[in-house]
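Working notes, structure below.
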Amino acid sequence: MTTDPAMARWCSRPIDTGHPRLMLTPLVLGPQGVPVVTDAEQAKAAPEVVVLSAMAHGQGEAGEAIGVAFLAAAAGLDEERRALYGDLVLSSLNIAARRTLEAMMKNNYEFQSEFARSYVAKGRQEGLVEAKAHDVLTVLEARGLEVPAEVRERVLASTDLAELDRWIRRAAVVSDARELLVADGS
């Protein structure tokens, strides 16, 4: 399989084995053998084909339409396939198509698939966690407290919003940054 039409032509040339009755003809799947899937219903019926479509044609003019079709298909997939296929599709799209999909998200476009909604929510959650961790460190530093590496690493590694909220409040009153973790029983 290749996304390069020239490579597909080269790889599909018959191979002479030297035996008079044995000529090998490789089976090669190139872009010309993969349909351009831009229809949501077609994508829902064959999600694997829309993934191949993105891989074969996502760098071209149809990239955006293929991406939108995939989002419709993703709703019917289990979480593992949604994540794997979504990653393949997004990495296969041209920059303009990716930017368009991002703009759709920024303009309050409501994605129809659970796939897209779950990744938007996950991104927001990760952003909130990261911001709160930085807030903890900012409060400590603004108070002129030295923040040892082990405290910084522990705070930045936390993914627990409740813990980070406690640490933000504690950062405002501790006299040493290490107390932030000791008071937490860590």
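The chains in the structure tokens are called A, B, ... from first to last as shown; in each chain the residues are counted from 1, and the ligands are counted from 1 in the order shown.
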When DSSP is applied to the backbone of this structure, which of segment 2-181 of chain A are assigned strand (DSSP E or B)? Write them out as a PDB file with N, CA, C and O atoms, in the first residue's frame.
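Produced file out-v2.pdb, reproduced below:
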ATOM      1  N   ILE A  15       6.873  -9.182 -12.118  1.00  0.00           N
ATOM      2  CA  ILE A  15       8.233  -9.604 -11.777  1.00  0.00           C
ATOM      3  C   ILE A  15       8.524 -10.912 -12.508  1.00  0.00           C
ATOM      4  O   ILE A  15       7.831 -11.916 -12.312  1.00  0.00           O
ATOM      5  N   ASP A  16       9.543 -10.863 -13.329  1.00  0.00           N
ATOM      6  CA  ASP A  16       9.948 -12.061 -14.077  1.00  0.00           C
ATOM      7  C   ASP A  16      10.799 -12.924 -13.151  1.00  0.00           C
ATOM      8  O   ASP A  16      11.842 -12.494 -12.665  1.00  0.00           O
ATOM      9  N   MET A  23       5.185 -15.749 -13.703  1.00  0.00           N
ATOM     10  CA  MET A  23       5.366 -14.303 -13.656  1.00  0.00           C
ATOM     11  C   MET A  23       4.569 -13.818 -12.450  1.00  0.00           C
ATOM     12  O   MET A  23       3.376 -14.115 -12.327  1.00  0.00           O
ATOM     13  N   LEU A  24       5.214 -13.110 -11.538  1.00  0.00           N
ATOM     14  CA  LEU A  24       4.528 -12.590 -10.347  1.00  0.00           C
ATOM     15  C   LEU A  24       4.026 -11.179 -10.623  1.00  0.00           C
ATOM     16  O   LEU A  24       4.761 -10.338 -11.129  1.00  0.00           O
TER      17      LEU A  24
END
Tell me which protein, DNA and RNA residues are within 12 Å of Leu128 of chain A, counting only C-alpha atoms, leaving out same-chain ones fewer than 4 positions away, and put them as a PyMOL selection string. chain A and resi 121-124+132-135+158-162+164-165
Export all heavy atoms of the chosen residues as a compact mmCIF listing (two decimals), in the first residue's frame?
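So the final result, stored in again.txt, reads:
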# COMPACT_ATOMS: atom_id res chain seq x y z
N ALA A 121 -13.64 17.56 24.87
CA ALA A 121 -13.76 17.56 26.33
C ALA A 121 -12.44 17.16 26.99
O ALA A 121 -12.02 17.76 27.98
CB ALA A 121 -14.88 16.62 26.77
N LYS A 122 -11.79 16.16 26.43
CA LYS A 122 -10.50 15.72 26.99
C LYS A 122 -9.48 16.84 26.90
O LYS A 122 -8.72 17.09 27.85
CB LYS A 122 -10.01 14.49 26.23
CG LYS A 122 -8.72 13.92 26.76
CD LYS A 122 -8.30 12.69 25.99
CE LYS A 122 -6.98 12.15 26.52
NZ LYS A 122 -6.47 11.05 25.72
N GLY A 123 -9.44 17.54 25.79
CA GLY A 123 -8.51 18.65 25.62
C GLY A 123 -8.78 19.78 26.61
O GLY A 123 -7.85 20.36 27.18
N ARG A 124 -10.05 20.08 26.82
CA ARG A 124 -10.39 21.12 27.80
C ARG A 124 -9.97 20.71 29.20
O ARG A 124 -9.44 21.52 29.96
CB ARG A 124 -11.89 21.39 27.75
CG ARG A 124 -12.31 22.17 26.55
CD ARG A 124 -13.79 22.51 26.59
NE ARG A 124 -14.13 23.29 25.40
CZ ARG A 124 -15.23 23.14 24.72
NH1 ARG A 124 -16.13 22.25 25.09
NH2 ARG A 124 -15.46 23.87 23.66
N LYS A 132 -4.16 24.98 36.24
CA LYS A 132 -4.20 25.00 37.71
C LYS A 132 -2.83 24.65 38.30
O LYS A 132 -2.42 25.23 39.30
CB LYS A 132 -5.27 24.05 38.24
CG LYS A 132 -6.67 24.62 38.07
CD LYS A 132 -7.71 23.75 38.71
CE LYS A 132 -9.08 24.33 38.47
NZ LYS A 132 -9.63 24.96 39.66
N ALA A 133 -2.12 23.71 37.69
CA ALA A 133 -0.79 23.35 38.17
C ALA A 133 0.13 24.57 38.09
O ALA A 133 0.88 24.87 39.02
CB ALA A 133 -0.23 22.19 37.37
N HIS A 134 0.05 25.30 36.98
CA HIS A 134 0.86 26.50 36.83
C HIS A 134 0.43 27.58 37.82
O HIS A 134 1.27 28.34 38.31
CB HIS A 134 0.83 27.00 35.39
CG HIS A 134 1.66 26.15 34.48
ND1 HIS A 134 3.03 26.18 34.46
CD2 HIS A 134 1.31 25.21 33.57
CE1 HIS A 134 3.49 25.31 33.58
NE2 HIS A 134 2.46 24.70 33.03
N ASP A 135 -0.87 27.64 38.13
CA ASP A 135 -1.35 28.61 39.12
C ASP A 135 -0.75 28.34 40.49
O ASP A 135 -0.38 29.27 41.21
CB ASP A 135 -2.88 28.57 39.21
CG ASP A 135 -3.56 29.17 37.98
OD1 ASP A 135 -2.88 29.82 37.17
OD2 ASP A 135 -4.78 28.95 37.84
N SER A 158 0.52 16.31 38.62
CA SER A 158 -0.82 16.04 39.12
C SER A 158 -1.87 16.18 38.03
O SER A 158 -1.82 17.07 37.20
CB SER A 158 -1.17 17.00 40.26
OG SER A 158 -2.48 16.75 40.72
N THR A 159 -2.84 15.26 38.04
CA THR A 159 -3.97 15.33 37.11
C THR A 159 -5.29 15.42 37.87
O THR A 159 -6.35 15.30 37.29
CB THR A 159 -3.99 14.09 36.20
OG1 THR A 159 -4.08 12.92 37.00
CG2 THR A 159 -2.76 14.03 35.31
N ASP A 160 -5.20 15.63 39.18
CA ASP A 160 -6.37 15.66 40.06
C ASP A 160 -6.77 17.11 40.32
O ASP A 160 -6.08 17.85 41.03
CB ASP A 160 -6.02 14.94 41.37
CG ASP A 160 -7.17 14.85 42.34
OD1 ASP A 160 -8.14 15.64 42.23
OD2 ASP A 160 -7.10 14.00 43.25
N LEU A 161 -7.90 17.53 39.76
CA LEU A 161 -8.34 18.93 39.90
C LEU A 161 -8.59 19.31 41.36
O LEU A 161 -8.25 20.42 41.78
CB LEU A 161 -9.60 19.17 39.07
CG LEU A 161 -9.39 19.27 37.57
CD1 LEU A 161 -10.72 19.32 36.83
CD2 LEU A 161 -8.55 20.49 37.23
N ALA A 162 -9.17 18.41 42.15
CA ALA A 162 -9.44 18.71 43.56
C ALA A 162 -8.12 18.92 44.31
O ALA A 162 -8.01 19.85 45.14
CB ALA A 162 -10.24 17.58 44.20
N LEU A 164 -5.26 19.92 43.02
CA LEU A 164 -4.68 21.18 42.56
C LEU A 164 -5.40 22.37 43.19
O LEU A 164 -4.75 23.36 43.56
CB LEU A 164 -4.71 21.25 41.03
CG LEU A 164 -3.72 20.29 40.34
CD1 LEU A 164 -4.06 20.16 38.86
CD2 LEU A 164 -2.29 20.75 40.54
N ASP A 165 -6.71 22.29 43.34
CA ASP A 165 -7.46 23.36 44.01
C ASP A 165 -6.99 23.52 45.46
O ASP A 165 -6.83 24.64 45.95
CB ASP A 165 -8.96 23.09 43.97
CG ASP A 165 -9.59 23.40 42.62
OD1 ASP A 165 -9.01 24.21 41.87
OD2 ASP A 165 -10.65 22.83 42.30
Write out as a ChimeraX atom specification all residues of chain A that backbone DSSP assigns to alpha helix (DSSP H). /A:5-11,40-45,47-57,63-74,79-92,95-106,114-142,149-157,161-171,179-182
Skip Trp10 of chain A itself and residues of its chain fewer than 2 positions away, then list as a list in words all residues within 12 Å of it, counting only C-alpha atoms. Met1, Thr2, Asp4, Pro5, Ala6, Met7, Ala8, Ser12, Arg13, Pro14, Ile15, Thr25, Pro26, Leu27, Val28, Leu29 and Gly30 of chain A
Write the residues you've just listed into a file as a compact mmCIF listing (two decimals), in the first residue's frame, and include all heavy atoms for each of them.
# COMPACT_ATOMS: atom_id res chain seq x y z
N MET A 1 0.85 -1.17 0.00
CA MET A 1 0.00 0.00 0.00
C MET A 1 0.89 1.22 0.00
O MET A 1 1.89 1.28 0.73
CB MET A 1 -0.89 -0.01 1.24
CG MET A 1 -1.84 1.14 1.26
SD MET A 1 -2.93 1.00 2.67
CE MET A 1 -3.37 2.68 2.84
N THR A 2 0.51 2.21 -0.80
CA THR A 2 1.26 3.46 -0.86
C THR A 2 0.31 4.60 -1.21
O THR A 2 -0.71 4.38 -1.86
CB THR A 2 2.42 3.39 -1.89
OG1 THR A 2 3.09 4.65 -1.92
CG2 THR A 2 1.91 3.05 -3.28
N ASP A 4 1.58 7.17 -2.85
CA ASP A 4 2.27 7.77 -3.98
C ASP A 4 1.89 7.03 -5.27
O ASP A 4 2.23 5.86 -5.44
CB ASP A 4 3.78 7.68 -3.74
CG ASP A 4 4.60 8.32 -4.85
OD1 ASP A 4 4.05 8.67 -5.91
OD2 ASP A 4 5.82 8.47 -4.65
N PRO A 5 1.19 7.70 -6.20
CA PRO A 5 0.77 7.03 -7.44
C PRO A 5 1.94 6.46 -8.25
O PRO A 5 1.84 5.37 -8.80
CB PRO A 5 0.05 8.13 -8.23
CG PRO A 5 -0.30 9.18 -7.24
CD PRO A 5 0.72 9.09 -6.14
N ALA A 6 3.05 7.19 -8.30
CA ALA A 6 4.21 6.70 -9.05
C ALA A 6 4.77 5.43 -8.41
O ALA A 6 5.14 4.47 -9.10
CB ALA A 6 5.29 7.78 -9.14
N MET A 7 4.81 5.41 -7.10
CA MET A 7 5.30 4.23 -6.38
C MET A 7 4.35 3.05 -6.62
O MET A 7 4.80 1.92 -6.81
CB MET A 7 5.41 4.53 -4.89
CG MET A 7 5.89 3.35 -4.05
SD MET A 7 7.59 2.87 -4.41
CE MET A 7 8.48 4.19 -3.62
N ALA A 8 3.05 3.32 -6.64
CA ALA A 8 2.08 2.25 -6.89
C ALA A 8 2.30 1.64 -8.27
O ALA A 8 2.27 0.41 -8.43
CB ALA A 8 0.66 2.78 -6.75
N SER A 12 3.66 -2.26 -8.86
CA SER A 12 2.72 -3.22 -9.45
C SER A 12 3.23 -3.82 -10.76
O SER A 12 2.53 -4.62 -11.38
CB SER A 12 1.36 -2.56 -9.65
OG SER A 12 1.47 -1.46 -10.53
N ARG A 13 4.43 -3.47 -11.17
CA ARG A 13 5.00 -4.07 -12.39
C ARG A 13 5.22 -5.57 -12.19
O ARG A 13 5.63 -6.00 -11.11
CB ARG A 13 6.33 -3.42 -12.75
CG ARG A 13 6.22 -1.98 -13.17
CD ARG A 13 7.54 -1.43 -13.64
NE ARG A 13 8.61 -1.85 -12.72
CZ ARG A 13 9.83 -1.35 -12.72
NH1 ARG A 13 10.15 -0.43 -13.60
NH2 ARG A 13 10.74 -1.75 -11.87
N PRO A 14 4.93 -6.36 -13.20
CA PRO A 14 5.15 -7.81 -13.10
C PRO A 14 6.64 -8.12 -12.84
O PRO A 14 7.52 -7.40 -13.31
CB PRO A 14 4.72 -8.34 -14.47
CG PRO A 14 3.81 -7.29 -15.01
CD PRO A 14 4.32 -5.99 -14.47
N ILE A 15 6.87 -9.18 -12.12
CA ILE A 15 8.23 -9.60 -11.78
C ILE A 15 8.52 -10.91 -12.51
O ILE A 15 7.83 -11.92 -12.31
CB ILE A 15 8.38 -9.81 -10.25
CG1 ILE A 15 8.05 -8.51 -9.52
CG2 ILE A 15 9.77 -10.32 -9.91
CD1 ILE A 15 7.92 -8.67 -8.01
N THR A 25 2.79 -10.94 -10.25
CA THR A 25 2.22 -9.60 -10.37
C THR A 25 1.77 -9.16 -8.98
O THR A 25 0.77 -9.65 -8.45
CB THR A 25 1.01 -9.59 -11.34
OG1 THR A 25 1.45 -10.12 -12.59
CG2 THR A 25 0.48 -8.19 -11.53
N PRO A 26 2.53 -8.24 -8.35
CA PRO A 26 2.19 -7.80 -6.99
C PRO A 26 0.84 -7.09 -6.95
O PRO A 26 0.45 -6.41 -7.90
CB PRO A 26 3.31 -6.81 -6.64
CG PRO A 26 4.40 -7.08 -7.62
CD PRO A 26 3.74 -7.62 -8.85
N LEU A 27 0.15 -7.28 -5.85
CA LEU A 27 -1.09 -6.54 -5.60
C LEU A 27 -0.72 -5.28 -4.83
O LEU A 27 -0.18 -5.37 -3.72
CB LEU A 27 -2.07 -7.39 -4.80
CG LEU A 27 -2.53 -8.69 -5.46
CD1 LEU A 27 -3.41 -9.48 -4.51
CD2 LEU A 27 -3.25 -8.38 -6.76
N VAL A 28 -0.98 -4.15 -5.42
CA VAL A 28 -0.59 -2.87 -4.81
C VAL A 28 -1.84 -2.00 -4.71
O VAL A 28 -2.57 -1.83 -5.68
CB VAL A 28 0.49 -2.15 -5.66
CG1 VAL A 28 0.85 -0.82 -5.04
CG2 VAL A 28 1.72 -3.04 -5.79
N LEU A 29 -2.04 -1.47 -3.53
CA LEU A 29 -3.15 -0.54 -3.34
C LEU A 29 -2.57 0.87 -3.32
O LEU A 29 -1.80 1.23 -2.42
CB LEU A 29 -3.88 -0.82 -2.02
CG LEU A 29 -5.05 0.10 -1.70
CD1 LEU A 29 -6.13 0.02 -2.78
CD2 LEU A 29 -5.63 -0.23 -0.34
N GLY A 30 -2.92 1.66 -4.32
CA GLY A 30 -2.48 3.04 -4.42
C GLY A 30 -3.69 3.95 -4.36
O GLY A 30 -4.83 3.49 -4.28
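Picture a line from atom CA of Gly67 of chain A to atom CA of Arg98 of chain A; it runs 8.2 Å.
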Please provide as a list in words all residues within 7 Å of segment 37-53 of chain A, with the sequence filter that same-chain residues fewer than 4 positions apart are discarded (counting only C-alpha atoms). His57, Gly58, Ala65, Ile66, Ala69, Phe70, Ala72, Ala73, Tyr85, Leu88 and Val89 of chain A
A straight line from atom CA of Met55 of chain A to atom CA of Gly127 of chain A spans 29.3 Å
In Å, how far is it from atom CA of Gly33 of chain A to atom CA of Leu71 of chain A? 22.7 Å
Long-range neighbours of Val139 of chain A as a PyMOL selection string, 9 Å cut-off, only C-alpha atoms, 5 positions minimum in chain: chain A and resi 134+144-145+168+171-172
Take the residues that were just selected and, keeping N, CA, C and O atoms, output them as a tab-separated table (two decimals), in the first residue's frame.
chain	number	residue	atom	x	y	z
A	134	HIS	N	0.05	25.30	36.98
A	134	HIS	CA	0.86	26.50	36.83
A	134	HIS	C	0.43	27.58	37.82
A	134	HIS	O	1.27	28.34	38.31
A	144	GLY	N	7.39	34.86	46.72
A	144	GLY	CA	8.84	34.87	46.93
A	144	GLY	C	9.39	33.57	47.49
A	144	GLY	O	10.51	33.54	47.98
A	145	LEU	N	8.62	32.52	47.43
A	145	LEU	CA	9.07	31.23	47.95
A	145	LEU	C	9.86	30.48	46.89
A	145	LEU	O	9.49	30.46	45.72
A	168	ILE	N	-3.62	25.20	45.46
A	168	ILE	CA	-3.69	26.65	45.18
A	168	ILE	C	-4.00	27.40	46.47
A	168	ILE	O	-3.35	28.41	46.80
A	171	ALA	N	-1.01	27.20	48.78
A	171	ALA	CA	0.13	27.98	48.29
A	171	ALA	C	0.06	29.42	48.79
A	171	ALA	O	1.09	30.08	48.93
A	172	ALA	N	-1.14	29.89	49.10
A	172	ALA	CA	-1.30	31.26	49.56
A	172	ALA	C	-0.89	31.44	51.02
A	172	ALA	O	-0.68	32.58	51.46
Which residue gives the smallest distance to Ala62 of chain A among A:Ala97, A:Leu77, A:Ala149, A:Leu137, with only C-alpha atoms counted? A:Ala97
Counting only C-alpha atoms, figure out which residue out of A:Ala157, A:Val34, A:Gly60, A:Pro148 gets nearest to Ala96 of chain A. A:Gly60
